[in-house]
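Let me begin by presenting the structure, written as structure tokens, before commenting on it.
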Amino acid sequence: MLVSAKEMLTKAKAGKYAVGQFNINNLEWTKSILLTAQELKSPVILGVSEGAGKYMCGYKTVVGMVNGMLEELKITVPVALHLDHGSYEGAKACIEAGFSSIMFDGSHYPIEENVAKTKELVAICNEKGMSIEAEVGSIGGEEDGVVGAGECADPNECKMIADLGVTMLAAGIGNIHGKYPANWPGLSFETLDAVQQKTGDMPLVLHGGTGIPADMIQKAISLGVSKINVNTECQLSFQEATRKYIMDGKDLEGKGFDPRKLLAPGAEAIKNTVKEKMELFGSIGKA
Ligand code: 13P
């Protein structure tokens, strides 16, 4: 059964480790992540962007697929199904469809509007026992086709949003989605420290988990980050393994063109990426 992310993140914050949010794009991705989490006894969060939700035939299809896998694969570790960077409308649609967690990304609204919309969604999520993530300070890189630099959140605004009763808070600390440029100055630990001091026990979320050096990840966890989002790294490992399969001519041998065979190396590669991340985040054995 899908669970809210609240309990797993409260435990992670207290235990100084982080739970990985791995974004899903199709059946193979989802199966690889769930099997790895089960094998390693780690809690896990499956992230679904609005674009990926649309690609997978809508949120109801995603809920059906994930619930089916939890049962068929006998998954017993805590799993949350979470809308990633949701719009106000998207958040409502996922609540309806049976997600167990949502992110409402109101960072592009004026703070007053972000507060009003977040408040309304917090009330609905509380009633349904779902977790809700809010974002302050836009996270750079490409979000819905808009490319921006990594902003640093205002700690006072973070406190204002945290006080609305959200479960977890994504604060921009210079992190960006996708690959980091060579001249990236690194995470702003000064901002993270100030945000944590203002928000206390609130689990903090680090987006853009791909390509952040291990020492920075560990320092971020020590300063209150308890959820880390990874997407691009799974895409890259999937791409590399699929390309190798084709370059080696395996698709031309026997039944190598069968999608079940063609996609198998990519699915294995995702398992390895997820395992590496769970090791780094310290979530193995915590389920
Ligand atoms: P990356 O694609 O950089 O791993 O970031 C994922 C993310 O933050 C999803 O919200």
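Residue numbering restarts at 1 for every chain of the structure tokens, chains are lettered A, B, ... in their displayed order, and ligands are numbered from 1 as they appear.
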Select from chain A every residue with an atom at most 7 Å from any atom of ligand 1, then for each give the shortest pair of atoms and their distance in Å to one decimal, using only C-alpha atoms and all ligand atoms, rows by chain and rising number, as JSON lines.
```
{"residue": "A:Asn23", "atom": "CA", "partner": "ligand 1", "partner_atom_place_in_ligand_line": "9 (C)", "distance": 6.7}
{"residue": "A:Asp84", "atom": "CA", "partner": "ligand 1", "partner_atom_place_in_ligand_line": "10 (O)", "distance": 5.6}
{"residue": "A:His85", "atom": "CA", "partner": "ligand 1", "partner_atom_place_in_ligand_line": "10 (O)", "distance": 6.4}
{"residue": "A:Ile176", "atom": "CA", "partner": "ligand 1", "partner_atom_place_in_ligand_line": "3 (O)", "distance": 6.3}
{"residue": "A:His177", "atom": "CA", "partner": "ligand 1", "partner_atom_place_in_ligand_line": "3 (O)", "distance": 3.6}
{"residue": "A:Gly178", "atom": "CA", "partner": "ligand 1", "partner_atom_place_in_ligand_line": "3 (O)", "distance": 3.7}
{"residue": "A:Lys179", "atom": "CA", "partner": "ligand 1", "partner_atom_place_in_ligand_line": "3 (O)", "distance": 6.3}
{"residue": "A:His207", "atom": "CA", "partner": "ligand 1", "partner_atom_place_in_ligand_line": "8 (O)", "distance": 3.4}
{"residue": "A:Gly208", "atom": "CA", "partner": "ligand 1", "partner_atom_place_in_ligand_line": "5 (O)", "distance": 3.2}
{"residue": "A:Gly209", "atom": "CA", "partner": "ligand 1", "partner_atom_place_in_ligand_line": "4 (O)", "distance": 4.4}
{"residue": "A:Thr210", "atom": "CA", "partner": "ligand 1", "partner_atom_place_in_ligand_line": "4 (O)", "distance": 3.9}
{"residue": "A:Asn229", "atom": "CA", "partner": "ligand 1", "partner_atom_place_in_ligand_line": "8 (O)", "distance": 4.5}
{"residue": "A:Val230", "atom": "CA", "partner": "ligand 1", "partner_atom_place_in_ligand_line": "4 (O)", "distance": 3.5}
{"residue": "A:Asn231", "atom": "CA", "partner": "ligand 1", "partner_atom_place_in_ligand_line": "4 (O)", "distance": 3.8}
{"residue": "A:Thr232", "atom": "CA", "partner": "ligand 1", "partner_atom_place_in_ligand_line": "2 (O)", "distance": 3.7}
{"residue": "A:Glu233", "atom": "CA", "partner": "ligand 1", "partner_atom_place_in_ligand_line": "4 (O)", "distance": 5.7}
```
From a DSSP calculation on the backbone, collect every residue of range 19-188 of chain A in strand (DSSP E) and output the set as number ranges by chain. A: 19-23, 44-49, 79-86, 101-104, 131-136, 141-143, 146-148, 168-171
Just the alpha helix (DSSP H) stuff from range 65-150 of chain A, please, per backbone DSSP, written as a PDB file with all heavy atoms, in the first residue's frame.
```pdb
ATOM      1  N   MET A  65      -0.682   1.289 -12.090  1.00  0.00           N
ATOM      2  CA  MET A  65       0.552   0.533 -12.346  1.00  0.00           C
ATOM      3  C   MET A  65       1.343   0.339 -11.050  1.00  0.00           C
ATOM      4  O   MET A  65       1.792  -0.776 -10.744  1.00  0.00           O
ATOM      5  CB  MET A  65       1.415   1.280 -13.378  1.00  0.00           C
ATOM      6  CG  MET A  65       2.764   0.642 -13.618  1.00  0.00           C
ATOM      7  SD  MET A  65       3.754   1.507 -14.858  1.00  0.00           S
ATOM      8  CE  MET A  65       4.275   2.935 -13.952  1.00  0.00           C
ATOM      9  N   VAL A  66       1.505   1.414 -10.291  1.00  0.00           N
ATOM     10  CA  VAL A  66       2.328   1.316  -9.078  1.00  0.00           C
ATOM     11  C   VAL A  66       1.648   0.425  -8.039  1.00  0.00           C
ATOM     12  O   VAL A  66       2.290  -0.455  -7.451  1.00  0.00           O
ATOM     13  CB  VAL A  66       2.643   2.727  -8.507  1.00  0.00           C
ATOM     14  CG1 VAL A  66       3.349   2.619  -7.164  1.00  0.00           C
ATOM     15  CG2 VAL A  66       3.496   3.520  -9.494  1.00  0.00           C
ATOM     16  N   ASN A  67       0.359   0.608  -7.841  1.00  0.00           N
ATOM     17  CA  ASN A  67      -0.333  -0.251  -6.863  1.00  0.00           C
ATOM     18  C   ASN A  67      -0.261  -1.714  -7.277  1.00  0.00           C
ATOM     19  O   ASN A  67      -0.067  -2.602  -6.437  1.00  0.00           O
ATOM     20  CB  ASN A  67      -1.793   0.183  -6.712  1.00  0.00           C
ATOM     21  CG  ASN A  67      -1.942   1.325  -5.716  1.00  0.00           C
ATOM     22  OD1 ASN A  67      -1.153   1.435  -4.779  1.00  0.00           O
ATOM     23  ND2 ASN A  67      -2.929   2.175  -5.933  1.00  0.00           N
ATOM     24  N   GLY A  68      -0.395  -1.965  -8.562  1.00  0.00           N
ATOM     25  CA  GLY A  68      -0.291  -3.342  -9.060  1.00  0.00           C
ATOM     26  C   GLY A  68       1.082  -3.924  -8.780  1.00  0.00           C
ATOM     27  O   GLY A  68       1.214  -5.070  -8.326  1.00  0.00           O
ATOM     28  N   MET A  69       2.116  -3.131  -9.001  1.00  0.00           N
ATOM     29  CA  MET A  69       3.482  -3.626  -8.760  1.00  0.00           C
ATOM     30  C   MET A  69       3.735  -3.894  -7.285  1.00  0.00           C
ATOM     31  O   MET A  69       4.409  -4.867  -6.935  1.00  0.00           O
ATOM     32  CB  MET A  69       4.510  -2.602  -9.264  1.00  0.00           C
ATOM     33  CG  MET A  69       4.693  -2.635 -10.750  1.00  0.00           C
ATOM     34  SD  MET A  69       6.150  -1.668 -11.173  1.00  0.00           S
ATOM     35  CE  MET A  69       5.872  -1.519 -12.926  1.00  0.00           C
ATOM     36  N   LEU A  70       3.216  -3.014  -6.418  1.00  0.00           N
ATOM     37  CA  LEU A  70       3.435  -3.223  -4.979  1.00  0.00           C
ATOM     38  C   LEU A  70       2.914  -4.597  -4.579  1.00  0.00           C
ATOM     39  O   LEU A  70       3.545  -5.319  -3.804  1.00  0.00           O
ATOM     40  CB  LEU A  70       2.739  -2.136  -4.150  1.00  0.00           C
ATOM     41  CG  LEU A  70       3.257  -0.700  -4.309  1.00  0.00           C
ATOM     42  CD1 LEU A  70       2.514   0.239  -3.358  1.00  0.00           C
ATOM     43  CD2 LEU A  70       4.755  -0.602  -4.064  1.00  0.00           C
ATOM     44  N   GLU A  71       1.776  -4.961  -5.164  1.00  0.00           N
ATOM     45  CA  GLU A  71       1.171  -6.247  -4.825  1.00  0.00           C
ATOM     46  C   GLU A  71       1.906  -7.408  -5.510  1.00  0.00           C
ATOM     47  O   GLU A  71       2.337  -8.351  -4.858  1.00  0.00           O
ATOM     48  CB  GLU A  71      -0.295  -6.205  -5.259  1.00  0.00           C
ATOM     49  CG  GLU A  71      -1.110  -7.321  -4.662  1.00  0.00           C
ATOM     50  CD  GLU A  71      -2.564  -7.252  -5.112  1.00  0.00           C
ATOM     51  OE1 GLU A  71      -3.103  -6.131  -5.285  1.00  0.00           O
ATOM     52  OE2 GLU A  71      -3.147  -8.332  -5.318  1.00  0.00           O
ATOM     53  N   GLU A  72       2.067  -7.291  -6.831  1.00  0.00           N
ATOM     54  CA  GLU A  72       2.654  -8.408  -7.597  1.00  0.00           C
ATOM     55  C   GLU A  72       4.118  -8.668  -7.237  1.00  0.00           C
ATOM     56  O   GLU A  72       4.587  -9.795  -7.279  1.00  0.00           O
ATOM     57  CB  GLU A  72       2.550  -8.134  -9.103  1.00  0.00           C
ATOM     58  CG  GLU A  72       1.136  -7.920  -9.620  1.00  0.00           C
ATOM     59  CD  GLU A  72       0.374  -9.217  -9.871  1.00  0.00           C
ATOM     60  OE1 GLU A  72       0.970 -10.292  -9.754  1.00  0.00           O
ATOM     61  OE2 GLU A  72      -0.830  -9.120 -10.183  1.00  0.00           O
ATOM     62  N   TYR A  88      -1.002  23.844  -9.426  1.00  0.00           N
ATOM     63  CA  TYR A  88      -2.179  23.801  -8.551  1.00  0.00           C
ATOM     64  C   TYR A  88      -3.197  22.789  -9.093  1.00  0.00           C
ATOM     65  O   TYR A  88      -3.689  21.924  -8.365  1.00  0.00           O
ATOM     66  CB  TYR A  88      -2.753  25.223  -8.505  1.00  0.00           C
ATOM     67  CG  TYR A  88      -3.996  25.400  -7.706  1.00  0.00           C
ATOM     68  CD1 TYR A  88      -3.961  25.351  -6.316  1.00  0.00           C
ATOM     69  CD2 TYR A  88      -5.213  25.652  -8.340  1.00  0.00           C
ATOM     70  CE1 TYR A  88      -5.110  25.536  -5.577  1.00  0.00           C
ATOM     71  CE2 TYR A  88      -6.365  25.840  -7.612  1.00  0.00           C
ATOM     72  CZ  TYR A  88      -6.316  25.770  -6.230  1.00  0.00           C
ATOM     73  OH  TYR A  88      -7.457  25.943  -5.504  1.00  0.00           O
ATOM     74  N   GLU A  89      -3.434  22.836 -10.397  1.00  0.00           N
ATOM     75  CA  GLU A  89      -4.408  21.910 -11.023  1.00  0.00           C
ATOM     76  C   GLU A  89      -3.880  20.469 -10.985  1.00  0.00           C
ATOM     77  O   GLU A  89      -4.633  19.529 -10.722  1.00  0.00           O
ATOM     78  CB  GLU A  89      -4.681  22.291 -12.485  1.00  0.00           C
ATOM     79  CG  GLU A  89      -5.348  23.637 -12.707  1.00  0.00           C
ATOM     80  CD  GLU A  89      -4.422  24.837 -12.465  1.00  0.00           C
ATOM     81  OE1 GLU A  89      -3.179  24.672 -12.587  1.00  0.00           O
ATOM     82  OE2 GLU A  89      -4.928  25.920 -12.144  1.00  0.00           O
ATOM     83  N   GLY A  90      -2.574  20.326 -11.270  1.00  0.00           N
ATOM     84  CA  GLY A  90      -1.965  18.991 -11.270  1.00  0.00           C
ATOM     85  C   GLY A  90      -2.048  18.366  -9.884  1.00  0.00           C
ATOM     86  O   GLY A  90      -2.311  17.165  -9.735  1.00  0.00           O
ATOM     87  N   ALA A  91      -1.821  19.188  -8.858  1.00  0.00           N
ATOM     88  CA  ALA A  91      -1.862  18.690  -7.482  1.00  0.00           C
ATOM     89  C   ALA A  91      -3.262  18.141  -7.180  1.00  0.00           C
ATOM     90  O   ALA A  91      -3.408  17.048  -6.632  1.00  0.00           O
ATOM     91  CB  ALA A  91      -1.500  19.814  -6.504  1.00  0.00           C
ATOM     92  N   LYS A  92      -4.260  18.905  -7.579  1.00  0.00           N
ATOM     93  CA  LYS A  92      -5.633  18.447  -7.314  1.00  0.00           C
ATOM     94  C   LYS A  92      -5.945  17.148  -8.065  1.00  0.00           C
ATOM     95  O   LYS A  92      -6.602  16.252  -7.532  1.00  0.00           O
ATOM     96  CB  LYS A  92      -6.623  19.549  -7.692  1.00  0.00           C
ATOM     97  CG  LYS A  92      -6.553  20.710  -6.705  1.00  0.00           C
ATOM     98  CD  LYS A  92      -7.823  21.497  -6.700  1.00  0.00           C
ATOM     99  CE  LYS A  92      -7.924  22.257  -5.396  1.00  0.00           C
ATOM    100  NZ  LYS A  92      -8.982  23.249  -5.402  1.00  0.00           N
ATOM    101  N   ALA A  93      -5.453  17.054  -9.300  1.00  0.00           N
ATOM    102  CA  ALA A  93      -5.708  15.847 -10.098  1.00  0.00           C
ATOM    103  C   ALA A  93      -5.046  14.618  -9.460  1.00  0.00           C
ATOM    104  O   ALA A  93      -5.620  13.520  -9.456  1.00  0.00           O
ATOM    105  CB  ALA A  93      -5.199  16.044 -11.525  1.00  0.00           C
ATOM    106  N   CYS A  94      -3.856  14.794  -8.899  1.00  0.00           N
ATOM    107  CA  CYS A  94      -3.160  13.657  -8.279  1.00  0.00           C
ATOM    108  C   CYS A  94      -3.820  13.236  -6.971  1.00  0.00           C
ATOM    109  O   CYS A  94      -3.846  12.054  -6.637  1.00  0.00           O
ATOM    110  CB  CYS A  94      -1.690  14.002  -8.049  1.00  0.00           C
ATOM    111  SG  CYS A  94      -0.787  13.956  -9.588  1.00  0.00           S
ATOM    112  N   ILE A  95      -4.337  14.216  -6.240  1.00  0.00           N
ATOM    113  CA  ILE A  95      -5.061  13.892  -5.001  1.00  0.00           C
ATOM    114  C   ILE A  95      -6.262  13.009  -5.366  1.00  0.00           C
ATOM    115  O   ILE A  95      -6.509  11.980  -4.747  1.00  0.00           O
ATOM    116  CB  ILE A  95      -5.508  15.192  -4.278  1.00  0.00           C
ATOM    117  CG1 ILE A  95      -4.287  15.968  -3.775  1.00  0.00           C
ATOM    118  CG2 ILE A  95      -6.472  14.875  -3.134  1.00  0.00           C
ATOM    119  CD1 ILE A  95      -4.573  17.382  -3.267  1.00  0.00           C
ATOM    120  N   GLU A  96      -6.963  13.399  -6.403  1.00  0.00           N
ATOM    121  CA  GLU A  96      -8.132  12.645  -6.898  1.00  0.00           C
ATOM    122  C   GLU A  96      -7.743  11.245  -7.353  1.00  0.00           C
ATOM    123  O   GLU A  96      -8.448  10.273  -7.119  1.00  0.00           O
ATOM    124  CB  GLU A  96      -8.702  13.351  -8.148  1.00  0.00           C
ATOM    125  CG  GLU A  96      -9.717  14.425  -7.869  1.00  0.00           C
ATOM    126  CD  GLU A  96     -10.974  13.837  -7.267  1.00  0.00           C
ATOM    127  OE1 GLU A  96     -11.614  13.032  -7.954  1.00  0.00           O
ATOM    128  OE2 GLU A  96     -11.282  14.156  -6.091  1.00  0.00           O
ATOM    129  N   ALA A  97      -6.596  11.156  -8.048  1.00  0.00           N
ATOM    130  CA  ALA A  97      -6.205   9.889  -8.691  1.00  0.00           C
ATOM    131  C   ALA A  97      -5.677   8.844  -7.712  1.00  0.00           C
ATOM    132  O   ALA A  97      -5.563   7.671  -8.073  1.00  0.00           O
ATOM    133  CB  ALA A  97      -5.160  10.169  -9.773  1.00  0.00           C
ATOM    134  N   ILE A 111       4.721  35.641  -3.275  1.00  0.00           N
ATOM    135  CA  ILE A 111       4.686  34.866  -2.034  1.00  0.00           C
ATOM    136  C   ILE A 111       3.271  34.777  -1.435  1.00  0.00           C
ATOM    137  O   ILE A 111       2.873  33.729  -0.949  1.00  0.00           O
ATOM    138  CB  ILE A 111       5.742  35.384  -1.006  1.00  0.00           C
ATOM    139  CG1 ILE A 111       5.825  34.489   0.230  1.00  0.00           C
ATOM    140  CG2 ILE A 111       5.508  36.832  -0.606  1.00  0.00           C
ATOM    141  CD1 ILE A 111       6.520  33.184   0.025  1.00  0.00           C
ATOM    142  N   GLU A 112       2.484  35.854  -1.545  1.00  0.00           N
ATOM    143  CA  GLU A 112       1.127  35.836  -0.954  1.00  0.00           C
ATOM    144  C   GLU A 112       0.260  34.766  -1.631  1.00  0.00           C
ATOM    145  O   GLU A 112      -0.500  34.058  -0.979  1.00  0.00           O
ATOM    146  CB  GLU A 112       0.402  37.189  -1.106  1.00  0.00           C
ATOM    147  CG  GLU A 112       1.046  38.367  -0.404  1.00  0.00           C
ATOM    148  CD  GLU A 112       2.304  38.880  -1.103  1.00  0.00           C
ATOM    149  OE1 GLU A 112       2.446  38.652  -2.331  1.00  0.00           O
ATOM    150  OE2 GLU A 112       3.161  39.474  -0.419  1.00  0.00           O
ATOM    151  N   GLU A 113       0.392  34.667  -2.960  1.00  0.00           N
ATOM    152  CA  GLU A 113      -0.416  33.697  -3.693  1.00  0.00           C
ATOM    153  C   GLU A 113       0.083  32.271  -3.433  1.00  0.00           C
ATOM    154  O   GLU A 113      -0.715  31.334  -3.305  1.00  0.00           O
ATOM    155  CB  GLU A 113      -0.376  34.012  -5.193  1.00  0.00           C
ATOM    156  CG  GLU A 113      -1.516  33.352  -5.932  1.00  0.00           C
ATOM    157  CD  GLU A 113      -1.636  33.830  -7.363  1.00  0.00           C
ATOM    158  OE1 GLU A 113      -0.967  34.807  -7.753  1.00  0.00           O
ATOM    159  OE2 GLU A 113      -2.403  33.192  -8.111  1.00  0.00           O
ATOM    160  N   ASN A 114       1.406  32.140  -3.336  1.00  0.00           N
ATOM    161  CA  ASN A 114       2.001  30.838  -3.003  1.00  0.00           C
ATOM    162  C   ASN A 114       1.438  30.385  -1.646  1.00  0.00           C
ATOM    163  O   ASN A 114       1.009  29.237  -1.484  1.00  0.00           O
ATOM    164  CB  ASN A 114       3.541  30.986  -2.962  1.00  0.00           C
ATOM    165  CG  ASN A 114       4.283  29.646  -2.858  1.00  0.00           C
ATOM    166  OD1 ASN A 114       3.669  28.598  -2.771  1.00  0.00           O
ATOM    167  ND2 ASN A 114       5.604  29.697  -2.872  1.00  0.00           N
ATOM    168  N   VAL A 115       1.388  31.308  -0.684  1.00  0.00           N
ATOM    169  CA  VAL A 115       0.886  31.000   0.657  1.00  0.00           C
ATOM    170  C   VAL A 115      -0.586  30.567   0.588  1.00  0.00           C
ATOM    171  O   VAL A 115      -0.968  29.526   1.138  1.00  0.00           O
ATOM    172  CB  VAL A 115       1.042  32.225   1.605  1.00  0.00           C
ATOM    173  CG1 VAL A 115       0.225  32.039   2.883  1.00  0.00           C
ATOM    174  CG2 VAL A 115       2.504  32.455   1.941  1.00  0.00           C
ATOM    175  N   ALA A 116      -1.418  31.334  -0.121  1.00  0.00           N
ATOM    176  CA  ALA A 116      -2.860  31.039  -0.160  1.00  0.00           C
ATOM    177  C   ALA A 116      -3.129  29.667  -0.782  1.00  0.00           C
ATOM    178  O   ALA A 116      -3.893  28.860  -0.237  1.00  0.00           O
ATOM    179  CB  ALA A 116      -3.579  32.134  -0.952  1.00  0.00           C
ATOM    180  N   LYS A 117      -2.469  29.388  -1.899  1.00  0.00           N
ATOM    181  CA  LYS A 117      -2.708  28.114  -2.590  1.00  0.00           C
ATOM    182  C   LYS A 117      -2.149  26.942  -1.777  1.00  0.00           C
ATOM    183  O   LYS A 117      -2.754  25.872  -1.687  1.00  0.00           O
ATOM    184  CB  LYS A 117      -2.089  28.150  -3.990  1.00  0.00           C
ATOM    185  CG  LYS A 117      -2.830  29.091  -4.947  1.00  0.00           C
ATOM    186  CD  LYS A 117      -2.389  28.856  -6.377  1.00  0.00           C
ATOM    187  CE  LYS A 117      -3.407  29.275  -7.421  1.00  0.00           C
ATOM    188  NZ  LYS A 117      -3.757  30.694  -7.427  1.00  0.00           N
ATOM    189  N   THR A 118      -0.960  27.153  -1.183  1.00  0.00           N
ATOM    190  CA  THR A 118      -0.353  26.087  -0.381  1.00  0.00           C
ATOM    191  C   THR A 118      -1.264  25.740   0.802  1.00  0.00           C
ATOM    192  O   THR A 118      -1.500  24.565   1.097  1.00  0.00           O
ATOM    193  CB  THR A 118       1.050  26.515   0.128  1.00  0.00           C
ATOM    194  OG1 THR A 118       1.843  26.869  -0.999  1.00  0.00           O
ATOM    195  CG2 THR A 118       1.737  25.395   0.888  1.00  0.00           C
ATOM    196  N   LYS A 119      -1.809  26.785   1.440  1.00  0.00           N
ATOM    197  CA  LYS A 119      -2.690  26.602   2.595  1.00  0.00           C
ATOM    198  C   LYS A 119      -3.883  25.721   2.240  1.00  0.00           C
ATOM    199  O   LYS A 119      -4.238  24.793   2.975  1.00  0.00           O
ATOM    200  CB  LYS A 119      -3.223  27.976   3.013  1.00  0.00           C
ATOM    201  CG  LYS A 119      -3.051  28.307   4.460  1.00  0.00           C
ATOM    202  CD  LYS A 119      -3.561  29.719   4.665  1.00  0.00           C
ATOM    203  CE  LYS A 119      -3.409  30.145   6.085  1.00  0.00           C
ATOM    204  NZ  LYS A 119      -3.632  31.578   6.236  1.00  0.00           N
ATOM    205  N   GLU A 120      -4.477  26.004   1.118  1.00  0.00           N
ATOM    206  CA  GLU A 120      -5.656  25.232   0.693  1.00  0.00           C
ATOM    207  C   GLU A 120      -5.274  23.772   0.467  1.00  0.00           C
ATOM    208  O   GLU A 120      -5.977  22.856   0.921  1.00  0.00           O
ATOM    209  CB  GLU A 120      -6.211  25.844  -0.606  1.00  0.00           C
ATOM    210  CG  GLU A 120      -7.504  25.187  -1.036  1.00  0.00           C
ATOM    211  CD  GLU A 120      -7.853  25.453  -2.481  1.00  0.00           C
ATOM    212  OE1 GLU A 120      -7.399  26.470  -3.059  1.00  0.00           O
ATOM    213  OE2 GLU A 120      -8.589  24.619  -3.060  1.00  0.00           O
ATOM    214  N   LEU A 121      -4.136  23.547  -0.209  1.00  0.00           N
ATOM    215  CA  LEU A 121      -3.721  22.174  -0.503  1.00  0.00           C
ATOM    216  C   LEU A 121      -3.288  21.432   0.766  1.00  0.00           C
ATOM    217  O   LEU A 121      -3.509  20.222   0.893  1.00  0.00           O
ATOM    218  CB  LEU A 121      -2.614  22.165  -1.566  1.00  0.00           C
ATOM    219  CG  LEU A 121      -3.085  22.614  -2.957  1.00  0.00           C
ATOM    220  CD1 LEU A 121      -1.906  22.873  -3.888  1.00  0.00           C
ATOM    221  CD2 LEU A 121      -4.022  21.570  -3.581  1.00  0.00           C
ATOM    222  N   VAL A 122      -2.683  22.162   1.719  1.00  0.00           N
ATOM    223  CA  VAL A 122      -2.289  21.541   2.992  1.00  0.00           C
ATOM    224  C   VAL A 122      -3.534  20.985   3.695  1.00  0.00           C
ATOM    225  O   VAL A 122      -3.532  19.849   4.196  1.00  0.00           O
ATOM    226  CB  VAL A 122      -1.555  22.552   3.916  1.00  0.00           C
ATOM    227  CG1 VAL A 122      -1.505  22.054   5.357  1.00  0.00           C
ATOM    228  CG2 VAL A 122      -0.148  22.824   3.403  1.00  0.00           C
ATOM    229  N   ALA A 123      -4.609  21.774   3.691  1.00  0.00           N
ATOM    230  CA  ALA A 123      -5.838  21.339   4.371  1.00  0.00           C
ATOM    231  C   ALA A 123      -6.369  20.056   3.733  1.00  0.00           C
ATOM    232  O   ALA A 123      -6.733  19.101   4.433  1.00  0.00           O
ATOM    233  CB  ALA A 123      -6.883  22.450   4.304  1.00  0.00           C
ATOM    234  N   ILE A 124      -6.369  20.007   2.406  1.00  0.00           N
ATOM    235  CA  ILE A 124      -6.877  18.797   1.720  1.00  0.00           C
ATOM    236  C   ILE A 124      -5.976  17.599   2.033  1.00  0.00           C
ATOM    237  O   ILE A 124      -6.452  16.500   2.329  1.00  0.00           O
ATOM    238  CB  ILE A 124      -6.953  19.004   0.189  1.00  0.00           C
ATOM    239  CG1 ILE A 124      -7.812  20.236  -0.149  1.00  0.00           C
ATOM    240  CG2 ILE A 124      -7.479  17.756  -0.516  1.00  0.00           C
ATOM    241  CD1 ILE A 124      -7.848  20.579  -1.635  1.00  0.00           C
ATOM    242  N   CYS A 125      -4.659  17.807   1.962  1.00  0.00           N
ATOM    243  CA  CYS A 125      -3.725  16.692   2.189  1.00  0.00           C
ATOM    244  C   CYS A 125      -3.827  16.179   3.626  1.00  0.00           C
ATOM    245  O   CYS A 125      -3.771  14.966   3.860  1.00  0.00           O
ATOM    246  CB  CYS A 125      -2.291  17.122   1.872  1.00  0.00           C
ATOM    247  SG  CYS A 125      -2.006  17.284   0.109  1.00  0.00           S
ATOM    248  N   ASN A 126      -3.965  17.098   4.571  1.00  0.00           N
ATOM    249  CA  ASN A 126      -4.109  16.675   5.982  1.00  0.00           C
ATOM    250  C   ASN A 126      -5.318  15.777   6.147  1.00  0.00           C
ATOM    251  O   ASN A 126      -5.263  14.734   6.793  1.00  0.00           O
ATOM    252  CB  ASN A 126      -4.268  17.891   6.896  1.00  0.00           C
ATOM    253  CG  ASN A 126      -2.919  18.516   7.206  1.00  0.00           C
ATOM    254  OD1 ASN A 126      -1.876  17.906   6.975  1.00  0.00           O
ATOM    255  ND2 ASN A 126      -2.933  19.734   7.711  1.00  0.00           N
ATOM    256  N   GLU A 127      -6.394  16.193   5.521  1.00  0.00           N
ATOM    257  CA  GLU A 127      -7.632  15.428   5.648  1.00  0.00           C
ATOM    258  C   GLU A 127      -7.475  14.024   5.070  1.00  0.00           C
ATOM    259  O   GLU A 127      -8.022  13.057   5.581  1.00  0.00           O
ATOM    260  CB  GLU A 127      -8.710  16.195   4.889  1.00  0.00           C
ATOM    261  CG  GLU A 127     -10.120  15.832   5.265  1.00  0.00           C
ATOM    262  CD  GLU A 127     -11.079  16.546   4.327  1.00  0.00           C
ATOM    263  OE1 GLU A 127     -11.076  17.783   4.317  1.00  0.00           O
ATOM    264  OE2 GLU A 127     -11.789  15.835   3.585  1.00  0.00           O
ATOM    265  N   LYS A 128      -6.689  13.916   3.998  1.00  0.00           N
ATOM    266  CA  LYS A 128      -6.534  12.616   3.332  1.00  0.00           C
ATOM    267  C   LYS A 128      -5.318  11.827   3.815  1.00  0.00           C
ATOM    268  O   LYS A 128      -5.008  10.764   3.265  1.00  0.00           O
ATOM    269  CB  LYS A 128      -6.422  12.826   1.824  1.00  0.00           C
ATOM    270  CG  LYS A 128      -7.674  13.418   1.228  1.00  0.00           C
ATOM    271  CD  LYS A 128      -7.663  13.266  -0.278  1.00  0.00           C
ATOM    272  CE  LYS A 128      -8.949  13.746  -0.893  1.00  0.00           C
ATOM    273  NZ  LYS A 128      -9.976  12.740  -1.052  1.00  0.00           N
TER     274      LYS A 128
END
```
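Interatomic distance, CA of Ala12 in chain A to CA of Ala287 in chain A: 10.4 Å.
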Can you work out the spacing between CA of Gly266 in chain A and CA of Ile228 in chain A in Å, to one decimal?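 Distance reported for this atom pair: 22.0 Å.
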I'd like the contact shell of Ala267 in chain A - 10 Å cut-off, only C-alpha atoms, skipping same-chain residues fewer than 2 positions apart - returned as a list in words. Leu27, Glu28, Trp29, Thr30, Lys31, Ser32, Ile33, Cys234, Ser237, Phe238, Ala241, Thr242, Arg260, Leu262, Leu263, Ala264, Pro265, Ala269, Ile270, Lys271 and Asn272 of chain A
Provide the CA of Leu164 in chain A to CA of Pro78 in chain A distance in Å, to one decimal place.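 These atoms are spaced 25.5 Å apart.
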Point out the residue among A:Lys159, A:Lys41, A:Lys6, A:His108 with the least atom-to-atom distance to His82 in chain A, counting only C-alpha atoms. A:Lys6
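Distances from A:Ala134, A:Met103, A:Leu252, A:Ala14 to Gly200 in chain A were compared using only C-alpha atoms, and the smallest one belongs to A:Ala14.
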What's the 9 Å shell around Tyr59 in chain A, counting only C-alpha atoms, without same-chain residues fewer than 4 positions away, as a count of residues only? 11
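Here the question is which of A:Asn175, A:Gln38, A:Ser226, A:Gln235 gets nearest to Leu9 in chain A using only C-alpha atoms, and that residue is A:Ser226.
Near Val225 in chain A, within a cut-off of 7 Å and counting only C-alpha atoms, sit the residues Ala18, Pro203, Leu204, Val205 and Leu206 of chain A, with same-chain residues fewer than 6 positions away left out.
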I'd like a table as a tab-separated table: residues in range 100-183 of chain A with an atom no more than 9 Å from range 192-195 of chain A, each row giving the shortest atom pair and its distance in Å to one decimal, only C-alpha atoms counted, sorted by chain and rising residue number.
```
residue	atom	partner	partner_atom	distance
A:Cys152	CA	A:Leu192	CA	8.9
A:Ala153	CA	A:Val195	CA	8.1
A:Asp154	CA	A:Val195	CA	7.8
A:Pro155	CA	A:Val195	CA	4.7
A:Asn156	CA	A:Val195	CA	7.8
A:Cys158	CA	A:Val195	CA	6.6
A:Lys159	CA	A:Val195	CA	7.6
A:Ala171	CA	A:Val195	CA	7.7
A:Gly172	CA	A:Leu192	CA	8.5
A:Ile173	CA	A:Leu192	CA	6.4
```
